[in-house]
>>> print(open('final.cif').read())   # mmCIF, N, CA and C atoms
data_run
loop_
_atom_site.label_atom_id
_atom_site.label_comp_id
_atom_site.auth_asym_id
_atom_site.auth_seq_id
_atom_site.Cartn_x
_atom_site.Cartn_y
_atom_site.Cartn_z
N PHE A 1 22.40 -11.79 66.58
CA PHE A 1 23.55 -11.45 65.74
C PHE A 1 23.78 -9.95 65.72
N LEU A 2 22.81 -9.16 65.29
CA LEU A 2 22.94 -7.70 65.28
C LEU A 2 21.64 -7.06 65.72
N LEU A 3 21.72 -5.82 66.09
CA LEU A 3 20.52 -5.06 66.42
C LEU A 3 20.23 -4.08 65.31
N LEU A 4 18.96 -3.99 64.93
CA LEU A 4 18.61 -3.10 63.82
C LEU A 4 18.79 -1.63 64.14
N ASN A 5 18.90 -1.27 65.43
CA ASN A 5 19.09 0.14 65.75
C ASN A 5 20.55 0.57 65.68
N MET A 6 21.42 -0.33 65.25
CA MET A 6 22.82 0.03 65.03
C MET A 6 22.89 1.01 63.86
N SER A 7 23.88 1.89 63.91
CA SER A 7 24.09 2.77 62.75
C SER A 7 24.69 1.94 61.63
N TRP A 8 24.57 2.45 60.40
CA TRP A 8 25.16 1.73 59.27
C TRP A 8 26.65 1.56 59.45
N GLN A 9 27.32 2.56 60.02
CA GLN A 9 28.77 2.45 60.25
C GLN A 9 29.09 1.33 61.22
N GLN A 10 28.24 1.12 62.21
CA GLN A 10 28.47 0.03 63.15
C GLN A 10 28.41 -1.33 62.46
N TYR A 11 27.56 -1.46 61.45
CA TYR A 11 27.52 -2.71 60.69
C TYR A 11 28.87 -2.96 60.01
N ILE A 12 29.46 -1.92 59.44
CA ILE A 12 30.78 -2.05 58.82
C ILE A 12 31.81 -2.42 59.89
N ASP A 13 31.82 -1.64 60.98
CA ASP A 13 32.85 -1.82 62.01
C ASP A 13 32.73 -3.15 62.74
N THR A 14 31.51 -3.61 62.99
CA THR A 14 31.30 -4.81 63.79
C THR A 14 31.17 -6.07 62.95
N SER A 15 30.30 -6.05 61.96
CA SER A 15 29.96 -7.27 61.22
C SER A 15 30.86 -7.55 60.03
N LEU A 16 31.61 -6.56 59.59
CA LEU A 16 32.55 -6.79 58.49
C LEU A 16 33.98 -6.68 59.00
N VAL A 17 34.46 -5.47 59.23
CA VAL A 17 35.84 -5.26 59.67
C VAL A 17 36.09 -5.95 61.02
N GLY A 18 35.11 -5.91 61.90
CA GLY A 18 35.26 -6.50 63.23
C GLY A 18 35.47 -8.00 63.23
N THR A 19 35.16 -8.66 62.13
CA THR A 19 35.37 -10.11 62.05
C THR A 19 36.85 -10.46 61.88
N GLY A 20 37.64 -9.48 61.42
CA GLY A 20 39.04 -9.74 61.11
C GLY A 20 39.24 -10.31 59.72
N HIS A 21 38.14 -10.59 59.02
CA HIS A 21 38.21 -11.19 57.68
C HIS A 21 38.01 -10.16 56.57
N VAL A 22 37.64 -8.95 56.94
CA VAL A 22 37.38 -7.88 55.99
C VAL A 22 38.25 -6.69 56.39
N ALA A 23 39.02 -6.17 55.45
CA ALA A 23 39.91 -5.03 55.75
C ALA A 23 39.12 -3.73 55.85
N TYR A 24 38.19 -3.53 54.92
CA TYR A 24 37.32 -2.36 54.95
C TYR A 24 36.08 -2.63 54.12
N GLY A 25 35.06 -1.80 54.33
CA GLY A 25 33.80 -2.06 53.66
C GLY A 25 32.98 -0.82 53.43
N ALA A 26 31.86 -1.04 52.74
CA ALA A 26 30.94 0.06 52.42
C ALA A 26 29.54 -0.50 52.24
N ILE A 27 28.57 0.38 52.41
CA ILE A 27 27.18 0.06 52.12
C ILE A 27 26.66 1.18 51.22
N TYR A 28 26.12 0.78 50.06
CA TYR A 28 25.56 1.72 49.09
C TYR A 28 24.09 1.42 48.89
N GLY A 29 23.28 2.46 48.73
CA GLY A 29 21.88 2.27 48.37
C GLY A 29 21.79 1.79 46.93
N LEU A 30 20.67 1.16 46.58
CA LEU A 30 20.49 0.69 45.20
C LEU A 30 20.41 1.84 44.21
N ASP A 31 20.22 3.06 44.71
CA ASP A 31 20.23 4.24 43.85
C ASP A 31 21.64 4.80 43.67
N GLY A 32 22.64 4.12 44.24
CA GLY A 32 24.03 4.57 44.12
C GLY A 32 24.48 5.49 45.24
N SER A 33 23.60 5.78 46.17
CA SER A 33 23.97 6.68 47.27
C SER A 33 24.86 5.95 48.27
N LEU A 34 25.77 6.68 48.88
CA LEU A 34 26.65 6.12 49.90
C LEU A 34 25.93 6.17 51.24
N TRP A 35 25.76 5.00 51.85
CA TRP A 35 25.16 4.96 53.19
C TRP A 35 26.25 5.10 54.23
N THR A 36 27.35 4.41 54.04
CA THR A 36 28.51 4.52 54.93
C THR A 36 29.67 3.75 54.31
N CYS A 37 30.89 4.08 54.75
CA CYS A 37 32.05 3.34 54.27
C CYS A 37 33.23 3.53 55.20
N SER A 38 34.18 2.62 55.10
CA SER A 38 35.46 2.77 55.78
C SER A 38 36.21 3.92 55.11
N PRO A 39 37.09 4.57 55.85
CA PRO A 39 37.85 5.71 55.28
C PRO A 39 38.57 5.37 53.98
N GLU A 40 39.01 4.13 53.82
CA GLU A 40 39.76 3.72 52.62
C GLU A 40 38.91 3.77 51.35
N LEU A 41 37.60 3.83 51.50
CA LEU A 41 36.72 3.82 50.32
C LEU A 41 36.03 5.16 50.07
N THR A 42 36.46 6.21 50.74
CA THR A 42 35.79 7.51 50.57
C THR A 42 36.04 8.12 49.20
N ASN A 43 37.09 7.70 48.50
CA ASN A 43 37.40 8.30 47.19
C ASN A 43 36.91 7.47 46.01
N VAL A 44 36.02 6.49 46.25
CA VAL A 44 35.44 5.75 45.13
C VAL A 44 34.49 6.70 44.40
N PRO A 45 34.70 6.95 43.12
CA PRO A 45 33.87 7.91 42.39
C PRO A 45 32.41 7.46 42.28
N ALA A 46 31.50 8.41 42.25
CA ALA A 46 30.07 8.12 42.13
C ALA A 46 29.78 7.28 40.89
N THR A 47 30.50 7.50 39.80
CA THR A 47 30.28 6.71 38.58
C THR A 47 30.61 5.24 38.82
N MET A 48 31.64 4.96 39.62
CA MET A 48 32.00 3.58 39.91
C MET A 48 30.97 2.95 40.86
N ILE A 49 30.48 3.71 41.81
CA ILE A 49 29.45 3.19 42.71
C ILE A 49 28.22 2.79 41.89
N THR A 50 27.84 3.62 40.93
CA THR A 50 26.72 3.28 40.06
C THR A 50 27.00 2.00 39.29
N LYS A 51 28.22 1.83 38.77
CA LYS A 51 28.59 0.60 38.07
C LYS A 51 28.50 -0.61 39.00
N LEU A 52 28.97 -0.45 40.23
CA LEU A 52 28.92 -1.54 41.20
C LEU A 52 27.48 -1.97 41.45
N VAL A 53 26.62 -0.99 41.70
CA VAL A 53 25.21 -1.28 41.98
C VAL A 53 24.55 -1.94 40.77
N ASN A 54 24.87 -1.47 39.57
CA ASN A 54 24.26 -2.00 38.35
C ASN A 54 24.87 -3.33 37.90
N SER A 55 25.98 -3.72 38.48
CA SER A 55 26.68 -4.93 38.02
C SER A 55 25.88 -6.20 38.27
N PHE A 56 24.89 -6.17 39.13
CA PHE A 56 24.14 -7.38 39.44
C PHE A 56 23.20 -7.80 38.33
N THR A 57 22.90 -6.91 37.40
CA THR A 57 22.01 -7.26 36.30
C THR A 57 22.67 -8.25 35.34
N ASP A 58 24.00 -8.22 35.28
CA ASP A 58 24.71 -9.14 34.38
C ASP A 58 25.81 -9.90 35.10
N GLY A 59 25.69 -10.03 36.42
CA GLY A 59 26.70 -10.75 37.18
C GLY A 59 28.05 -10.06 37.18
N GLY A 60 28.06 -8.78 36.89
CA GLY A 60 29.29 -8.01 36.90
C GLY A 60 30.15 -8.15 35.67
N LEU A 61 29.84 -9.11 34.84
CA LEU A 61 30.75 -9.42 33.75
C LEU A 61 30.79 -8.36 32.67
N ALA A 62 29.67 -7.82 32.27
CA ALA A 62 29.69 -6.79 31.23
C ALA A 62 29.89 -5.40 31.83
N THR A 63 29.17 -5.11 32.92
CA THR A 63 29.24 -3.80 33.53
C THR A 63 30.65 -3.46 33.99
N LEU A 64 31.35 -4.46 34.53
CA LEU A 64 32.68 -4.23 35.07
C LEU A 64 33.78 -4.87 34.22
N ARG A 65 33.49 -5.09 32.93
CA ARG A 65 34.43 -5.78 32.04
C ARG A 65 35.81 -5.14 32.06
N SER A 66 35.86 -3.83 32.09
CA SER A 66 37.15 -3.14 32.06
C SER A 66 37.78 -3.02 33.44
N GLY A 67 37.17 -3.64 34.44
CA GLY A 67 37.71 -3.60 35.79
C GLY A 67 36.87 -2.70 36.68
N CYS A 68 37.12 -2.82 37.93
CA CYS A 68 36.41 -2.05 38.93
C CYS A 68 37.44 -1.28 39.73
N PHE A 69 37.25 0.00 39.87
CA PHE A 69 38.20 0.83 40.60
C PHE A 69 37.63 1.17 41.97
N LEU A 70 38.23 0.61 43.01
CA LEU A 70 37.80 0.92 44.37
C LEU A 70 38.71 2.00 44.91
N GLY A 71 38.69 3.10 44.23
CA GLY A 71 39.52 4.27 44.49
C GLY A 71 39.38 5.15 43.27
N ALA A 72 40.33 6.01 43.05
CA ALA A 72 40.26 6.91 41.91
C ALA A 72 40.26 6.11 40.61
N GLU A 73 39.28 6.38 39.74
CA GLU A 73 39.18 5.66 38.47
C GLU A 73 40.44 5.93 37.65
N GLY A 74 41.00 4.87 37.09
CA GLY A 74 42.23 4.98 36.32
C GLY A 74 43.48 4.70 37.15
N ASP A 75 43.35 4.67 38.48
CA ASP A 75 44.46 4.37 39.38
C ASP A 75 44.70 2.86 39.37
N ALA A 76 45.82 2.44 38.79
CA ALA A 76 46.10 1.01 38.66
C ALA A 76 46.12 0.29 40.01
N ASP A 77 46.52 0.99 41.07
CA ASP A 77 46.55 0.38 42.40
C ASP A 77 45.15 0.14 42.96
N ALA A 78 44.14 0.75 42.38
CA ALA A 78 42.77 0.62 42.86
C ALA A 78 41.92 -0.29 41.97
N LYS A 79 42.55 -0.89 40.95
CA LYS A 79 41.79 -1.67 39.96
C LYS A 79 41.65 -3.14 40.37
N TYR A 80 40.42 -3.62 40.35
CA TYR A 80 40.08 -5.01 40.64
C TYR A 80 39.45 -5.62 39.40
N MET A 81 39.64 -6.92 39.22
CA MET A 81 39.05 -7.64 38.10
C MET A 81 37.91 -8.52 38.61
N VAL A 82 36.89 -8.70 37.78
CA VAL A 82 35.75 -9.54 38.15
C VAL A 82 36.12 -11.01 37.99
N LEU A 83 35.91 -11.80 39.05
CA LEU A 83 36.12 -13.25 38.98
C LEU A 83 34.85 -13.95 38.54
N ARG A 84 33.76 -13.63 39.22
CA ARG A 84 32.47 -14.25 38.90
C ARG A 84 31.38 -13.44 39.56
N GLY A 85 30.16 -13.68 39.09
CA GLY A 85 29.05 -12.96 39.69
C GLY A 85 27.71 -13.49 39.22
N ASP A 86 26.68 -13.10 39.94
CA ASP A 86 25.30 -13.43 39.58
C ASP A 86 24.41 -12.30 40.08
N GLU A 87 23.10 -12.54 40.14
CA GLU A 87 22.19 -11.45 40.52
C GLU A 87 22.27 -11.10 42.00
N ARG A 88 22.97 -11.88 42.81
CA ARG A 88 23.11 -11.59 44.24
C ARG A 88 24.52 -11.14 44.62
N SER A 89 25.54 -11.78 44.05
CA SER A 89 26.91 -11.54 44.48
C SER A 89 27.85 -11.36 43.30
N VAL A 90 28.84 -10.49 43.49
CA VAL A 90 29.91 -10.29 42.51
C VAL A 90 31.22 -10.35 43.29
N TYR A 91 32.19 -11.12 42.78
CA TYR A 91 33.47 -11.29 43.45
C TYR A 91 34.57 -10.70 42.59
N LEU A 92 35.44 -9.92 43.25
CA LEU A 92 36.52 -9.21 42.58
C LEU A 92 37.87 -9.68 43.11
N LYS A 93 38.92 -9.50 42.31
CA LYS A 93 40.26 -9.93 42.70
C LYS A 93 41.28 -8.88 42.29
N LYS A 94 42.27 -8.67 43.16
CA LYS A 94 43.40 -7.79 42.83
C LYS A 94 44.62 -8.32 43.58
N GLY A 95 45.55 -8.91 42.87
CA GLY A 95 46.74 -9.47 43.51
C GLY A 95 46.36 -10.51 44.54
N GLN A 96 46.85 -10.34 45.76
CA GLN A 96 46.54 -11.26 46.86
C GLN A 96 45.28 -10.85 47.61
N GLY A 97 44.62 -9.80 47.17
CA GLY A 97 43.41 -9.32 47.82
C GLY A 97 42.22 -9.44 46.88
N GLY A 98 41.11 -8.90 47.33
CA GLY A 98 39.92 -8.93 46.51
C GLY A 98 38.75 -8.32 47.25
N ALA A 99 37.54 -8.58 46.75
CA ALA A 99 36.36 -7.99 47.35
C ALA A 99 35.13 -8.82 47.03
N ALA A 100 34.14 -8.68 47.88
CA ALA A 100 32.84 -9.31 47.67
C ALA A 100 31.78 -8.22 47.70
N LEU A 101 30.90 -8.24 46.71
CA LEU A 101 29.75 -7.35 46.65
C LEU A 101 28.51 -8.22 46.77
N VAL A 102 27.60 -7.86 47.66
CA VAL A 102 26.37 -8.63 47.82
C VAL A 102 25.20 -7.67 47.87
N LYS A 103 24.18 -7.99 47.09
CA LYS A 103 23.00 -7.14 46.97
C LYS A 103 21.89 -7.65 47.89
N THR A 104 21.24 -6.71 48.57
CA THR A 104 20.05 -7.02 49.35
C THR A 104 18.87 -6.32 48.68
N GLY A 105 17.74 -6.29 49.33
CA GLY A 105 16.57 -5.62 48.75
C GLY A 105 16.71 -4.12 48.63
N GLN A 106 17.57 -3.51 49.45
CA GLN A 106 17.69 -2.05 49.46
C GLN A 106 19.10 -1.52 49.31
N CYS A 107 20.10 -2.39 49.41
CA CYS A 107 21.47 -1.89 49.38
C CYS A 107 22.44 -2.92 48.80
N VAL A 108 23.67 -2.47 48.61
CA VAL A 108 24.77 -3.32 48.18
C VAL A 108 25.86 -3.21 49.24
N LEU A 109 26.31 -4.36 49.72
CA LEU A 109 27.40 -4.42 50.69
C LEU A 109 28.70 -4.70 49.94
N LEU A 110 29.76 -4.04 50.36
CA LEU A 110 31.08 -4.25 49.79
C LEU A 110 32.04 -4.58 50.92
N GLY A 111 32.71 -5.69 50.81
CA GLY A 111 33.77 -6.06 51.75
C GLY A 111 35.04 -6.31 50.99
N VAL A 112 36.13 -5.67 51.41
CA VAL A 112 37.42 -5.80 50.74
C VAL A 112 38.38 -6.54 51.66
N TYR A 113 39.10 -7.52 51.11
CA TYR A 113 40.12 -8.21 51.89
C TYR A 113 41.49 -7.94 51.28
N LYS A 114 42.49 -7.98 52.14
CA LYS A 114 43.86 -7.70 51.73
C LYS A 114 44.70 -8.96 51.84
N GLU A 115 45.93 -8.88 51.39
CA GLU A 115 46.86 -10.00 51.50
C GLU A 115 46.91 -10.46 52.96
N GLY A 116 46.84 -11.78 53.15
CA GLY A 116 46.87 -12.34 54.49
C GLY A 116 45.48 -12.67 55.03
N GLN A 117 44.45 -12.14 54.40
CA GLN A 117 43.08 -12.47 54.76
C GLN A 117 42.57 -13.52 53.77
N VAL A 118 41.65 -14.36 54.22
CA VAL A 118 41.18 -15.48 53.41
C VAL A 118 39.94 -15.08 52.61
N THR A 119 39.99 -15.31 51.31
CA THR A 119 38.91 -14.96 50.40
C THR A 119 37.56 -15.46 50.90
N GLY A 120 37.46 -16.74 51.17
CA GLY A 120 36.20 -17.34 51.57
C GLY A 120 35.65 -16.77 52.85
N GLN A 121 36.52 -16.41 53.79
CA GLN A 121 36.06 -15.85 55.05
C GLN A 121 35.52 -14.44 54.86
N CYS A 122 36.14 -13.66 53.98
CA CYS A 122 35.62 -12.34 53.65
C CYS A 122 34.25 -12.48 52.99
N ASN A 123 34.18 -13.34 51.98
CA ASN A 123 32.92 -13.56 51.28
C ASN A 123 31.82 -13.97 52.24
N SER A 124 32.15 -14.87 53.16
CA SER A 124 31.17 -15.36 54.13
C SER A 124 30.68 -14.24 55.05
N ALA A 125 31.59 -13.38 55.50
CA ALA A 125 31.21 -12.27 56.38
C ALA A 125 30.23 -11.33 55.68
N VAL A 126 30.51 -11.02 54.42
CA VAL A 126 29.64 -10.12 53.65
C VAL A 126 28.30 -10.79 53.38
N GLU A 127 28.31 -12.05 52.98
CA GLU A 127 27.07 -12.79 52.72
C GLU A 127 26.22 -12.91 53.99
N LYS A 128 26.86 -13.14 55.12
CA LYS A 128 26.13 -13.29 56.39
C LYS A 128 25.44 -11.98 56.77
N LEU A 129 26.13 -10.85 56.62
CA LEU A 129 25.51 -9.56 56.91
C LEU A 129 24.37 -9.31 55.93
N ALA A 130 24.56 -9.64 54.66
CA ALA A 130 23.49 -9.47 53.67
C ALA A 130 22.28 -10.30 54.04
N ASP A 131 22.48 -11.55 54.44
CA ASP A 131 21.36 -12.40 54.85
C ASP A 131 20.61 -11.77 56.01
N TYR A 132 21.35 -11.25 56.99
CA TYR A 132 20.71 -10.62 58.14
C TYR A 132 19.88 -9.40 57.71
N LEU A 133 20.45 -8.56 56.86
CA LEU A 133 19.73 -7.36 56.41
C LEU A 133 18.50 -7.74 55.59
N ILE A 134 18.60 -8.77 54.76
CA ILE A 134 17.45 -9.22 53.97
C ILE A 134 16.34 -9.72 54.91
N GLU A 135 16.72 -10.52 55.91
CA GLU A 135 15.74 -11.01 56.88
C GLU A 135 15.09 -9.87 57.66
N SER A 136 15.82 -8.75 57.80
CA SER A 136 15.33 -7.59 58.54
C SER A 136 14.60 -6.58 57.65
N GLY A 137 14.39 -6.93 56.39
CA GLY A 137 13.65 -6.06 55.49
C GLY A 137 14.50 -5.10 54.68
N TYR A 138 15.80 -5.23 54.72
CA TYR A 138 16.69 -4.39 53.95
C TYR A 138 17.27 -5.15 52.77
#
>>> encode(input="final.cif", output="structure tokens")
Amino acid sequence: FLLLNMSWQQYIDTSLVGTGHVAYGAIYGLDGSLWTCSPELTNVPATMITKLVNSFTDGGLATLRSGCFLGAEGDADAKYMVLRGDERSVYLKKGQGGAALVKTGQCVLLGVYKEGQVTGQCNSAVEKLADYLIESGY
């Protein structure tokens, strides 16, 4: 499926965006550090990244109760609402698009889908990459 010597950006480009089911993505360390991201996610504030990483403790429901901003905080065009979540995955929705967050042992994967892309296929792509990274010790 993938080679572990790929750069983190290659995981985004190949295993998420490259599937055609994910518009853009990011990988964050569990400490909130940015490992890599698509250009569309470069302006996500550090405070929001911390909220995203911490959202798995309560399935996203309390941590992200006021919404999740995948862009400048307070920007209505960047605001997503939490649909559901647990200790592994949190699913977000915004209009005809949305996002999937999946936690591994060392990082959090984020895959965003836009109008015209299928929710379940995006979720599956992110979950599949997470499974691979978990099996590889990440």
>>> resolve_selection(input="final.cif", expression="the PyMOL selection byres ((chain A and resi 52) around 8)", output="PyMOL selection string")
chain A and resi 32+46-51+53-57+60+63-64+68+101+108
>>> resolve_selection(input="final.cif", expression="the PyMOL selection byres ((chain A and resi 10-18) around 8)", output="list in words")
Met6, Ser7, Trp8, Gln9, Thr19, Gly20, His21, Val22, Ala23, Tyr24, Gly25, Ala26, Ile27, Thr36, Cys37, Ser38, Leu110, Gly111, Val112, Cys122, Ala125, Val126, Lys128 and Leu129 of chain A
>>> select_by_dssp(input="final.cif", residues="stretch 43-89 of chain A", states="helix (DSSP H, G or I)", output="list in words")
Ala46, Thr47, Met48, Ile49, Thr50, Lys51, Leu52, Val53, Asn54, Ser55, Phe56, Thr57, Ala76, Asp77 and Ala78 of chain A
>>> closest_residue(input="final.cif", among="A:Tyr28, A:Trp35, A:Tyr91, A:Tyr138", to="A:Thr104", atoms="only N, CA and C atoms")
A:Tyr138
>>> atom_distance(input="final.cif", atom1="atom CA of A:Ser89", atom2="atom CA of A:Asp75")
24.2 Å
>>> closest_residue(input="final.cif", among="A:Arg84, A:Ala130, A:Gly116, A:Asp77", to="A:Gln96", atoms="only N, CA and C atoms")
A:Gly116
>>> atom_distance(input="final.cif", atom1="atom N of A:Gln121", atom2="atom N of A:Gly85")
16.2 Å
>>> atom_distance(input="final.cif", atom1="atom C of A:Val82", atom2="atom CA of A:Tyr132")
25.4 Å
>>> residues_near_point(input="final.cif", point="(40.6, -2.1, 46.5)", cutoff="10 Å", atoms="only C-alpha atoms", output="VMD selection string")
chain A and resid 23 to 25 40 to 41 44 68 to 71 77 to 80 92 to 94 97 to 99 111 to 114
>>> select_by_dssp(input="final.cif", residues="stretch 8-113 of chain A", states="strand (DSSP E or B)", output="CSV table (one decimal) with N, CA and C atoms, in the coordinates of the input")
chain,number,residue,atom,x,y,z
A,24,TYR,N,38.2,-3.5,54.9
A,24,TYR,CA,37.3,-2.4,55.0
A,24,TYR,C,36.1,-2.6,54.1
A,25,GLY,N,35.1,-1.8,54.3
A,25,GLY,CA,33.8,-2.1,53.7
A,25,GLY,C,33.0,-0.8,53.4
A,26,ALA,N,31.9,-1.0,52.7
A,26,ALA,CA,30.9,0.1,52.4
A,26,ALA,C,29.5,-0.5,52.2
A,27,ILE,N,28.6,0.4,52.4
A,27,ILE,CA,27.2,0.1,52.1
A,27,ILE,C,26.7,1.2,51.2
A,28,TYR,N,26.1,0.8,50.1
A,28,TYR,CA,25.6,1.7,49.1
A,28,TYR,C,24.1,1.4,48.9
A,29,GLY,N,23.3,2.5,48.7
A,29,GLY,CA,21.9,2.3,48.4
A,29,GLY,C,21.8,1.8,46.9
A,34,LEU,N,25.8,6.7,48.9
A,34,LEU,CA,26.6,6.1,49.9
A,34,LEU,C,25.9,6.2,51.2
A,35,TRP,N,25.8,5.0,51.8
A,35,TRP,CA,25.2,5.0,53.2
A,35,TRP,C,26.2,5.1,54.2
A,36,THR,N,27.4,4.4,54.0
A,36,THR,CA,28.5,4.5,54.9
A,36,THR,C,29.7,3.8,54.3
A,37,CYS,N,30.9,4.1,54.8
A,37,CYS,CA,32.0,3.3,54.3
A,37,CYS,C,33.2,3.5,55.2
A,68,CYS,N,37.1,-2.8,37.9
A,68,CYS,CA,36.4,-2.0,38.9
A,68,CYS,C,37.4,-1.3,39.7
A,69,PHE,N,37.2,0.0,39.9
A,69,PHE,CA,38.2,0.8,40.6
A,69,PHE,C,37.6,1.2,42.0
A,79,LYS,N,42.6,-0.9,41.0
A,79,LYS,CA,41.8,-1.7,40.0
A,79,LYS,C,41.6,-3.1,40.4
A,80,TYR,N,40.4,-3.6,40.4
A,80,TYR,CA,40.1,-5.0,40.6
A,80,TYR,C,39.4,-5.6,39.4
A,81,MET,N,39.6,-6.9,39.2
A,81,MET,CA,39.0,-7.6,38.1
A,81,MET,C,37.9,-8.5,38.6
A,82,VAL,N,36.9,-8.7,37.8
A,82,VAL,CA,35.8,-9.5,38.2
A,82,VAL,C,36.1,-11.0,38.0
A,83,LEU,N,35.9,-11.8,39.0
A,83,LEU,CA,36.1,-13.2,39.0
A,83,LEU,C,34.8,-14.0,38.5
A,84,ARG,N,33.8,-13.6,39.2
A,84,ARG,CA,32.5,-14.2,38.9
A,84,ARG,C,31.4,-13.4,39.6
A,85,GLY,N,30.2,-13.7,39.1
A,85,GLY,CA,29.0,-13.0,39.7
A,85,GLY,C,27.7,-13.5,39.2
A,89,SER,N,25.5,-11.8,44.0
A,89,SER,CA,26.9,-11.5,44.5
A,89,SER,C,27.8,-11.4,43.3
A,90,VAL,N,28.8,-10.5,43.5
A,90,VAL,CA,29.9,-10.3,42.5
A,90,VAL,C,31.2,-10.4,43.3
A,91,TYR,N,32.2,-11.1,42.8
A,91,TYR,CA,33.5,-11.3,43.4
A,91,TYR,C,34.6,-10.7,42.6
A,92,LEU,N,35.4,-9.9,43.2
A,92,LEU,CA,36.5,-9.2,42.6
A,92,LEU,C,37.9,-9.7,43.1
A,93,LYS,N,38.9,-9.5,42.3
A,93,LYS,CA,40.3,-9.9,42.7
A,93,LYS,C,41.3,-8.9,42.3
A,94,LYS,N,42.3,-8.7,43.2
A,94,LYS,CA,43.4,-7.8,42.8
A,94,LYS,C,44.6,-8.3,43.6
A,97,GLY,N,44.6,-9.8,47.2
A,97,GLY,CA,43.4,-9.3,47.8
A,97,GLY,C,42.2,-9.4,46.9
A,98,GLY,N,41.1,-8.9,47.3
A,98,GLY,CA,39.9,-8.9,46.5
A,98,GLY,C,38.8,-8.3,47.2
A,99,ALA,N,37.5,-8.6,46.8
A,99,ALA,CA,36.4,-8.0,47.4
A,99,ALA,C,35.1,-8.8,47.0
A,100,ALA,N,34.1,-8.7,47.9
A,100,ALA,CA,32.8,-9.3,47.7
A,100,ALA,C,31.8,-8.2,47.7
A,101,LEU,N,30.9,-8.2,46.7
A,101,LEU,CA,29.8,-7.4,46.6
A,101,LEU,C,28.5,-8.2,46.8
A,102,VAL,N,27.6,-7.9,47.7
A,102,VAL,CA,26.4,-8.6,47.8
A,102,VAL,C,25.2,-7.7,47.9
A,103,LYS,N,24.2,-8.0,47.1
A,103,LYS,CA,23.0,-7.1,47.0
A,103,LYS,C,21.9,-7.6,47.9
A,107,CYS,N,20.1,-2.4,49.4
A,107,CYS,CA,21.5,-1.9,49.4
A,107,CYS,C,22.4,-2.9,48.8
A,108,VAL,N,23.7,-2.5,48.6
A,108,VAL,CA,24.8,-3.3,48.2
A,108,VAL,C,25.9,-3.2,49.2
A,109,LEU,N,26.3,-4.4,49.7
A,109,LEU,CA,27.4,-4.4,50.7
A,109,LEU,C,28.7,-4.7,49.9
A,110,LEU,N,29.8,-4.0,50.4
A,110,LEU,CA,31.1,-4.2,49.8
A,110,LEU,C,32.0,-4.6,50.9
A,111,GLY,N,32.7,-5.7,50.8
A,111,GLY,CA,33.8,-6.1,51.8
A,111,GLY,C,35.0,-6.3,51.0
A,112,VAL,N,36.1,-5.7,51.4
A,112,VAL,CA,37.4,-5.8,50.7
A,112,VAL,C,38.4,-6.5,51.7
A,113,TYR,N,39.1,-7.5,51.1
A,113,TYR,CA,40.1,-8.2,51.9
A,113,TYR,C,41.5,-7.9,51.3
>>> closest_residue(input="final.cif", among="A:Val102, A:Val118, A:Ala76, A:Leu34", to="A:Asp131", atoms="only C-alpha atoms")
A:Val102
